[in-house]
$ cat entry.csv   # CSV, C-alpha atoms
chain,number,residue,atom,x,y,z
A,1,MET,CA,0.0,0.0,0.0
A,2,GLN,CA,1.2,3.5,-0.9
A,3,VAL,CA,0.0,7.0,0.0
A,4,LYS,CA,-0.1,10.1,-2.2
A,5,GLN,CA,-0.7,13.4,-0.4
A,6,ILE,CA,-2.4,16.2,-2.3
A,7,GLU,CA,-2.8,19.7,-0.8
A,8,THR,CA,-6.1,21.3,-1.9
A,9,GLY,CA,-8.0,24.5,-1.4
A,10,ALA,CA,-7.2,27.9,0.1
A,11,ILE,CA,-6.3,26.5,3.5
A,12,ASN,CA,-4.1,23.6,2.3
A,13,GLU,CA,-6.2,20.6,3.3
A,14,ASN,CA,-4.6,17.2,2.7
A,15,CYS,CA,-6.5,14.9,0.4
A,16,TYR,CA,-4.9,11.4,0.3
A,17,ILE,CA,-4.9,8.7,-2.3
A,18,ILE,CA,-4.3,5.3,-0.8
A,19,TYR,CA,-3.4,2.9,-3.5
A,20,ASN,CA,-1.9,-0.4,-4.6
A,21,ASN,CA,-1.0,-1.3,-8.2
A,22,THR,CA,-4.5,-0.7,-9.7
A,23,GLU,CA,-7.0,0.4,-7.1
A,24,ALA,CA,-7.4,3.3,-4.6
A,25,LEU,CA,-9.3,4.9,-1.8
A,26,ILE,CA,-9.7,8.7,-1.6
A,27,VAL,CA,-9.5,10.3,1.8
A,28,ASP,CA,-11.2,13.7,2.2
A,29,PRO,CA,-11.4,15.2,-1.3
A,30,GLY,CA,-11.3,18.8,0.0
A,31,ALA,CA,-11.2,20.9,-3.3
A,32,GLU,CA,-9.6,21.1,-6.7
A,33,THR,CA,-11.3,18.1,-8.4
A,34,ASN,CA,-9.1,18.3,-11.4
A,35,LYS,CA,-5.9,18.2,-9.3
A,36,ILE,CA,-7.2,15.0,-7.6
A,37,LYS,CA,-8.2,13.4,-10.9
A,38,LYS,CA,-4.9,14.2,-12.4
A,39,GLU,CA,-3.1,12.4,-9.6
A,40,LEU,CA,-5.3,9.4,-10.1
A,41,ASP,CA,-4.5,9.4,-13.8
A,42,ASN,CA,-0.8,9.7,-13.1
A,43,LEU,CA,-0.9,6.8,-10.7
A,44,ASN,CA,-3.1,4.8,-13.1
A,45,VAL,CA,-5.4,3.6,-10.4
A,46,THR,CA,-9.2,3.3,-10.2
A,47,PRO,CA,-10.8,4.7,-7.0
A,48,LEU,CA,-13.2,2.4,-5.2
A,49,ALA,CA,-14.6,4.8,-2.6
A,50,VAL,CA,-14.3,8.1,-0.7
A,51,ILE,CA,-13.8,7.8,3.0
A,52,LEU,CA,-14.2,10.9,5.2
A,53,THR,CA,-12.5,11.7,8.5
A,54,HIS,CA,-15.1,14.4,9.1
A,55,THR,CA,-17.3,16.7,7.0
A,56,HIS,CA,-16.1,20.3,7.4
A,57,TYR,CA,-16.3,22.1,4.1
A,58,ASP,CA,-12.5,22.1,3.5
A,59,HIS,CA,-12.6,18.3,3.5
A,60,ILE,CA,-15.6,17.7,1.2
A,61,GLY,CA,-15.4,20.5,-1.5
A,62,ALA,CA,-14.7,18.1,-4.3
A,63,LEU,CA,-16.8,15.2,-3.0
A,64,GLU,CA,-19.7,15.4,-5.3
A,65,ASP,CA,-17.6,15.8,-8.4
A,66,ILE,CA,-15.4,12.8,-7.4
A,67,ARG,CA,-18.2,10.5,-6.5
A,68,THR,CA,-20.2,11.4,-9.6
A,69,ASP,CA,-17.3,11.2,-12.1
A,70,TYR,CA,-16.2,7.8,-10.8
A,71,ALA,CA,-19.6,6.5,-9.7
A,72,ILE,CA,-18.2,5.4,-6.2
A,73,PRO,CA,-19.7,5.4,-2.7
A,74,VAL,CA,-18.9,7.6,0.2
A,75,TYR,CA,-18.3,6.5,3.8
A,76,VAL,CA,-18.8,8.8,6.8
A,77,SER,CA,-19.5,8.8,10.5
A,78,ALA,CA,-23.2,8.5,11.3
A,79,LYS,CA,-22.9,11.5,13.5
A,80,GLU,CA,-22.0,13.7,10.5
A,81,GLN,CA,-24.2,12.2,7.8
A,82,ASP,CA,-26.5,15.2,8.1
A,83,TRP,CA,-23.6,17.6,8.0
A,84,LEU,CA,-22.9,16.9,4.3
A,85,GLY,CA,-26.0,18.7,3.1
A,86,ASP,CA,-26.1,21.5,5.8
A,87,PRO,CA,-23.9,24.5,5.2
A,88,SER,CA,-24.3,25.7,8.8
A,89,LEU,CA,-23.0,22.4,10.1
A,90,ASN,CA,-20.2,21.8,7.5
A,91,LEU,CA,-19.3,25.5,8.1
A,92,SER,CA,-19.4,26.4,4.4
A,93,THR,CA,-22.0,29.1,5.4
A,94,TYR,CA,-19.0,31.1,6.8
A,95,THR,CA,-17.4,31.1,3.3
A,96,ASN,CA,-18.6,32.6,0.1
A,97,PHE,CA,-20.2,29.4,-1.1
A,98,ASP,CA,-22.8,27.2,0.6
A,99,LEU,CA,-21.7,23.6,0.2
A,100,ARG,CA,-24.3,20.9,0.0
A,101,ALA,CA,-23.3,17.3,-0.7
A,102,ASN,CA,-25.6,14.3,-0.9
A,103,PRO,CA,-25.8,11.8,1.9
A,104,ALA,CA,-23.1,9.2,2.1
A,105,GLU,CA,-24.0,5.7,0.9
A,106,TYR,CA,-22.5,4.1,4.0
A,107,THR,CA,-21.8,5.0,7.6
A,108,PHE,CA,-19.0,3.5,9.6
A,109,ASP,CA,-19.5,0.8,12.2
A,110,LEU,CA,-16.8,1.6,14.8
A,111,SER,CA,-17.0,-2.0,16.2
A,112,GLU,CA,-15.7,-3.7,13.1
A,113,SER,CA,-12.8,-3.4,10.6
A,114,VAL,CA,-13.8,-2.1,7.2
A,115,THR,CA,-12.8,-3.8,4.0
A,116,ILE,CA,-13.2,-2.0,0.6
A,117,GLY,CA,-11.6,-4.0,-2.2
A,118,PRO,CA,-8.1,-5.0,-1.2
A,119,PHE,CA,-7.9,-2.4,1.6
A,120,SER,CA,-8.8,-3.2,5.2
A,121,PHE,CA,-8.6,-0.7,8.1
A,122,ASP,CA,-10.0,0.1,11.5
A,123,VAL,CA,-12.1,3.2,12.1
A,124,VAL,CA,-11.8,4.8,15.6
A,125,ALA,CA,-13.7,7.7,17.0
A,126,THR,CA,-11.5,10.9,17.5
A,127,PRO,CA,-14.2,13.5,18.3
A,128,GLY,CA,-13.6,17.0,19.6
A,129,HIS,CA,-12.8,19.0,16.5
A,130,SER,CA,-16.2,17.8,15.3
A,131,PRO,CA,-18.5,15.3,16.9
A,132,GLY,CA,-18.2,12.6,14.3
A,133,GLY,CA,-14.5,12.9,13.7
A,134,VAL,CA,-12.8,9.5,13.0
A,135,SER,CA,-9.4,8.3,12.2
A,136,PHE,CA,-8.4,5.4,9.9
A,137,ILE,CA,-5.8,2.9,11.1
A,138,PHE,CA,-4.1,0.7,8.5
A,139,LYS,CA,-2.3,-1.9,10.5
A,140,GLU,CA,-0.5,-3.6,7.6
A,141,ALA,CA,1.0,-0.3,6.5
A,142,ALA,CA,1.6,0.9,10.0
A,143,CYS,CA,-0.1,4.3,9.5
A,144,VAL,CA,-3.1,6.3,10.6
A,145,PHE,CA,-5.1,9.0,8.9
A,146,SER,CA,-6.0,11.4,11.7
A,147,GLY,CA,-8.1,14.0,10.0
A,148,ASP,CA,-8.1,17.2,12.0
A,149,ALA,CA,-7.7,15.4,15.4
A,150,LEU,CA,-3.9,15.3,15.5
A,151,PHE,CA,-1.4,17.4,13.6
A,152,LYS,CA,2.4,17.5,13.6
A,153,GLY,CA,3.0,19.5,16.8
A,154,SER,CA,-0.6,20.5,17.3
A,155,ILE,CA,-4.2,19.4,17.5
A,156,GLY,CA,-7.4,20.4,15.7
A,157,ARG,CA,-9.3,23.5,16.6
A,158,THR,CA,-12.0,23.2,19.2
A,159,ASP,CA,-13.5,26.7,19.0
A,160,LEU,CA,-15.8,25.9,16.1
A,161,PRO,CA,-19.5,25.3,16.1
A,162,GLY,CA,-20.0,21.6,17.1
A,163,SER,CA,-16.5,21.3,18.6
A,164,GLU,CA,-16.1,19.7,22.1
A,165,SER,CA,-12.8,20.8,23.5
A,166,GLU,CA,-13.0,18.4,26.4
A,167,LYS,CA,-13.1,15.3,24.1
A,168,LEU,CA,-10.2,15.9,21.7
A,169,ILE,CA,-7.1,15.3,23.7
A,170,PRO,CA,-8.5,12.2,25.5
A,171,ALA,CA,-9.6,10.8,22.2
A,172,VAL,CA,-6.1,11.2,20.7
A,173,GLU,CA,-4.5,9.6,23.8
A,174,GLU,CA,-7.0,6.7,24.0
A,175,MET,CA,-7.3,5.9,20.3
A,176,LEU,CA,-4.1,7.0,18.6
A,177,PHE,CA,-1.3,7.1,21.2
A,178,VAL,CA,-1.9,3.5,21.9
A,179,LEU,CA,-0.5,2.7,18.5
A,180,PRO,CA,3.2,1.8,18.1
A,181,ASP,CA,5.6,4.7,18.0
A,182,ASP,CA,6.7,4.0,14.4
A,183,TYR,CA,3.2,4.5,13.0
A,184,THR,CA,3.1,7.3,10.4
A,185,VAL,CA,0.4,9.9,11.0
A,186,TYR,CA,-1.2,11.5,7.9
A,187,PRO,CA,-3.1,14.5,9.2
A,188,GLY,CA,-5.7,16.7,7.6
A,189,HIS,CA,-3.3,19.6,7.3
A,190,ASN,CA,0.4,20.1,7.2
A,191,ASP,CA,3.2,17.5,7.2
A,192,SER,CA,3.1,13.9,8.2
A,193,THR,CA,4.6,12.8,11.5
A,194,THR,CA,4.8,9.7,13.7
A,195,ILE,CA,3.0,8.6,16.8
A,196,GLY,CA,6.2,8.5,18.8
A,197,TYR,CA,7.3,11.9,17.8
A,198,GLU,CA,3.9,13.4,18.8
A,199,LYS,CA,3.9,11.6,22.1
A,200,GLN,CA,7.3,13.0,22.9
A,201,THR,CA,7.1,16.6,21.5
A,202,ASN,CA,3.6,17.7,20.9
A,203,PRO,CA,3.1,20.6,23.4
A,204,TYR,CA,-0.6,19.8,24.0
A,205,PHE,CA,0.3,16.4,25.5
A,206,ARG,CA,3.6,17.4,27.1
A,207,LYS,CA,1.6,20.0,29.2
A,208,ARG,CA,-0.6,17.2,30.5
A,209,LYS,CA,2.4,15.1,31.4
A,210,ASP,CA,4.1,18.0,33.2
A,211,SER,CA,1.0,18.9,35.2
$ encode --input "entry.csv" --output "structure tokens"
Amino acid sequence: MQVKQIETGAINENCYIIYNNTEALIVDPGAETNKIKKELDNLNVTPLAVILTHTHYDHIGALEDIRTDYAIPVYVSAKEQDWLGDPSLNLSTYTNFDLRANPAEYTFDLSESVTIGPFSFDVVATPGHSPGGVSFIFKEAACVFSGDALFKGSIGRTDLPGSESEKLIPAVEEMLFVLPDDYTVYPGHNDSTTIGYEKQTNPYFRKRKDS
């Protein structure tokens, strides 16, 4: 399994293509549909589905184009199914364009591993930035896609409508920091990192250790 990171949109959201020789999953198609499609063409892979870590507008801007052009399903947390079509919830109402996407075909069952084609992964709840925020753990590839829960040296904002500041840090500690230190973290913004590096250096967690 390989991973291609694509920065999209005005605030540099990370869309990811997870792929093998011929097939792919798309994580969080935030914007710039043509840019994402060009990378799929360059990799010569066929997308099987879109999987969403959460549904803020900067992560779903190209969703409808991608799902329509490739005729593929979308997976999302049940807690944010309604957010896709509601600009006040997906926060696009605060931009110059109200974004409305159709409901996802599937919602994640957090009690089971998910298999889509040749790809298998665990979905864990990492709320706080948004109530239905999830992360995707690919054990065979020793990596996790953390959405806007965990960043390199930081965490997701919790001052947004629907955020719950008291949940984010415990969710990261309980769901992500239990992974091996060498796991690569692919976040929703900025550079990749590792679980071990964040446990040792991320100031939001060092403060808790020192208190």
$ closest_residue --input "entry.csv" --among "A:Ala171, A:Met1, A:Val76, A:Ile60" --to "A:Asp98" --atoms "all atoms listed in the file"
A:Ile60
$ closest_residue --input "entry.csv" --among "A:Ile169, A:Ala10, A:Leu110, A:Val123" --to "A:Asp58" --atoms "all atoms listed in the file"
A:Ala10
$ closest_residue --input "entry.csv" --among "A:Lys79, A:Lys38, A:His56, A:His189" --to "A:Phe108" --atoms "all atoms listed in the file"
A:Lys79
$ closest_residue --input "entry.csv" --among "A:Tyr57, A:Ala49, A:Val134, A:Asp122" --to "A:Ala104" --atoms "all atoms listed in the file"
A:Ala49
$ closest_residue --input "entry.csv" --among "A:Thr68, A:Asn190, A:Asn96, A:Asn21" --to "A:Ile155" --atoms "all atoms listed in the file"
A:Asn190
$ atom_distance --input "entry.csv" --atom1 "atom CA of A:Leu84" --atom2 "atom CA of A:Leu63"
9.7 Å
$ atom_distance --input "entry.csv" --atom1 "atom CA of A:Thr115" --atom2 "atom CA of A:Lys35"
26.6 Å
$ closest_residue --input "entry.csv" --among "A:Ala142, A:Ala62, A:Leu52, A:Ala78" --to "A:Gln2" --atoms "all atoms listed in the file"
A:Ala142
$ residues_around --input "entry.csv" --residues "A:Leu176" --least-positions-apart "5" --cutoff "9 Å" --atoms "only C-alpha atoms" --output "PyMOL selection string"
chain A and resi 124+126+135+137+144+146+150+171+195
$ residues_around --input "entry.csv" --residues "A:Tyr186" --least-positions-apart "5" --cutoff "12 Å" --atoms "all atoms listed in the file" --output "JSON, numbers by chain"
{"A": [3, 4, 5, 6, 13, 14, 15, 16, 17, 18, 27, 28, 53, 135, 136, 137, 138, 142, 143, 144, 145, 146, 147, 148, 149, 150, 151, 152, 176, 191, 192, 193, 194, 195]}
$ residues_near_point --input "entry.csv" --point "(-14.1, 21.4, -4.0)" --cutoff "9 Å" --atoms "all atoms listed in the file" --output "MDAnalysis selection string"
chainID A and resid 8:9 29:33 57:65 99
$ atom_distance --input "entry.csv" --atom1 "atom CA of A:Asn102" --atom2 "atom CA of A:Pro73"
10.8 Å
$ residues_around --input "entry.csv" --residues "A:Pro170" --least-positions-apart "4" --cutoff "10 Å" --atoms "all atoms listed in the file" --output "list in words"
Thr126, Pro127, Gly128, Ser165, Glu166, Glu174, Met175, Leu176, Phe177 and Phe205 of chain A
$ residues_around --input "entry.csv" --residues "A:Gly196" --least-positions-apart "3" --cutoff "9 Å" --atoms "only C-alpha atoms" --output "PyMOL selection string"
chain A and resi 177+179-183+193+199-201
$ decode --input "entry.csv" --residues "stretch 79-95 of chain A" --atoms "N, CA and C atoms" --output "mmCIF file, in the first residue's frame"
data_model
loop_
_atom_site.group_PDB
_atom_site.id
_atom_site.type_symbol
_atom_site.label_atom_id
_atom_site.label_comp_id
_atom_site.auth_asym_id
_atom_site.auth_seq_id
_atom_site.Cartn_x
_atom_site.Cartn_y
_atom_site.Cartn_z
ATOM 1 N N LYS A 79 -22.643 10.221 12.815
ATOM 2 C CA LYS A 79 -22.882 11.475 13.532
ATOM 3 C C LYS A 79 -22.782 12.694 12.627
ATOM 4 N N GLU A 80 -22.176 12.534 11.448
ATOM 5 C CA GLU A 80 -22.045 13.675 10.549
ATOM 6 C C GLU A 80 -22.691 13.436 9.183
ATOM 7 N N GLN A 81 -23.515 12.424 9.098
ATOM 8 C CA GLN A 81 -24.223 12.189 7.840
ATOM 9 C C GLN A 81 -25.026 13.424 7.421
ATOM 10 N N ASP A 82 -25.715 14.035 8.370
ATOM 11 C CA ASP A 82 -26.545 15.200 8.053
ATOM 12 C C ASP A 82 -25.717 16.447 7.747
ATOM 13 N N TRP A 83 -24.481 16.468 8.167
ATOM 14 C CA TRP A 83 -23.633 17.647 7.958
ATOM 15 C C TRP A 83 -23.298 17.850 6.490
ATOM 16 N N LEU A 84 -23.276 16.766 5.737
ATOM 17 C CA LEU A 84 -22.880 16.872 4.334
ATOM 18 C C LEU A 84 -23.765 17.855 3.570
ATOM 19 N N GLY A 85 -25.035 17.873 3.874
ATOM 20 C CA GLY A 85 -25.958 18.721 3.140
ATOM 21 C C GLY A 85 -26.374 19.980 3.865
ATOM 22 N N ASP A 86 -25.716 20.298 4.971
ATOM 23 C CA ASP A 86 -26.104 21.451 5.785
ATOM 24 C C ASP A 86 -24.942 22.436 5.909
ATOM 25 N N PRO A 87 -24.990 23.555 5.193
ATOM 26 C CA PRO A 87 -23.881 24.518 5.223
ATOM 27 C C PRO A 87 -23.579 25.078 6.607
ATOM 28 N N SER A 88 -24.577 25.139 7.475
ATOM 29 C CA SER A 88 -24.314 25.656 8.816
ATOM 30 C C SER A 88 -23.526 24.657 9.650
ATOM 31 N N LEU A 89 -23.682 23.377 9.374
ATOM 32 C CA LEU A 89 -22.951 22.351 10.105
ATOM 33 C C LEU A 89 -21.583 22.084 9.494
ATOM 34 N N ASN A 90 -21.509 22.019 8.157
ATOM 35 C CA ASN A 90 -20.195 21.788 7.540
ATOM 36 C C ASN A 90 -19.369 23.070 7.439
ATOM 37 N N LEU A 91 -19.922 24.158 7.942
ATOM 38 C CA LEU A 91 -19.253 25.462 8.098
ATOM 39 C C LEU A 91 -19.034 26.218 6.796
ATOM 40 N N SER A 92 -19.557 25.702 5.696
ATOM 41 C CA SER A 92 -19.395 26.443 4.438
ATOM 42 C C SER A 92 -20.207 27.728 4.426
ATOM 43 N N THR A 93 -21.178 27.824 5.327
ATOM 44 C CA THR A 93 -21.967 29.052 5.398
ATOM 45 C C THR A 93 -21.118 30.251 5.789
ATOM 46 N N TYR A 94 -19.943 29.985 6.373
ATOM 47 C CA TYR A 94 -19.043 31.067 6.765
ATOM 48 C C TYR A 94 -18.081 31.454 5.645
ATOM 49 N N THR A 95 -18.212 30.797 4.508
ATOM 50 C CA THR A 95 -17.402 31.132 3.338
ATOM 51 C C THR A 95 -18.287 31.817 2.311
#
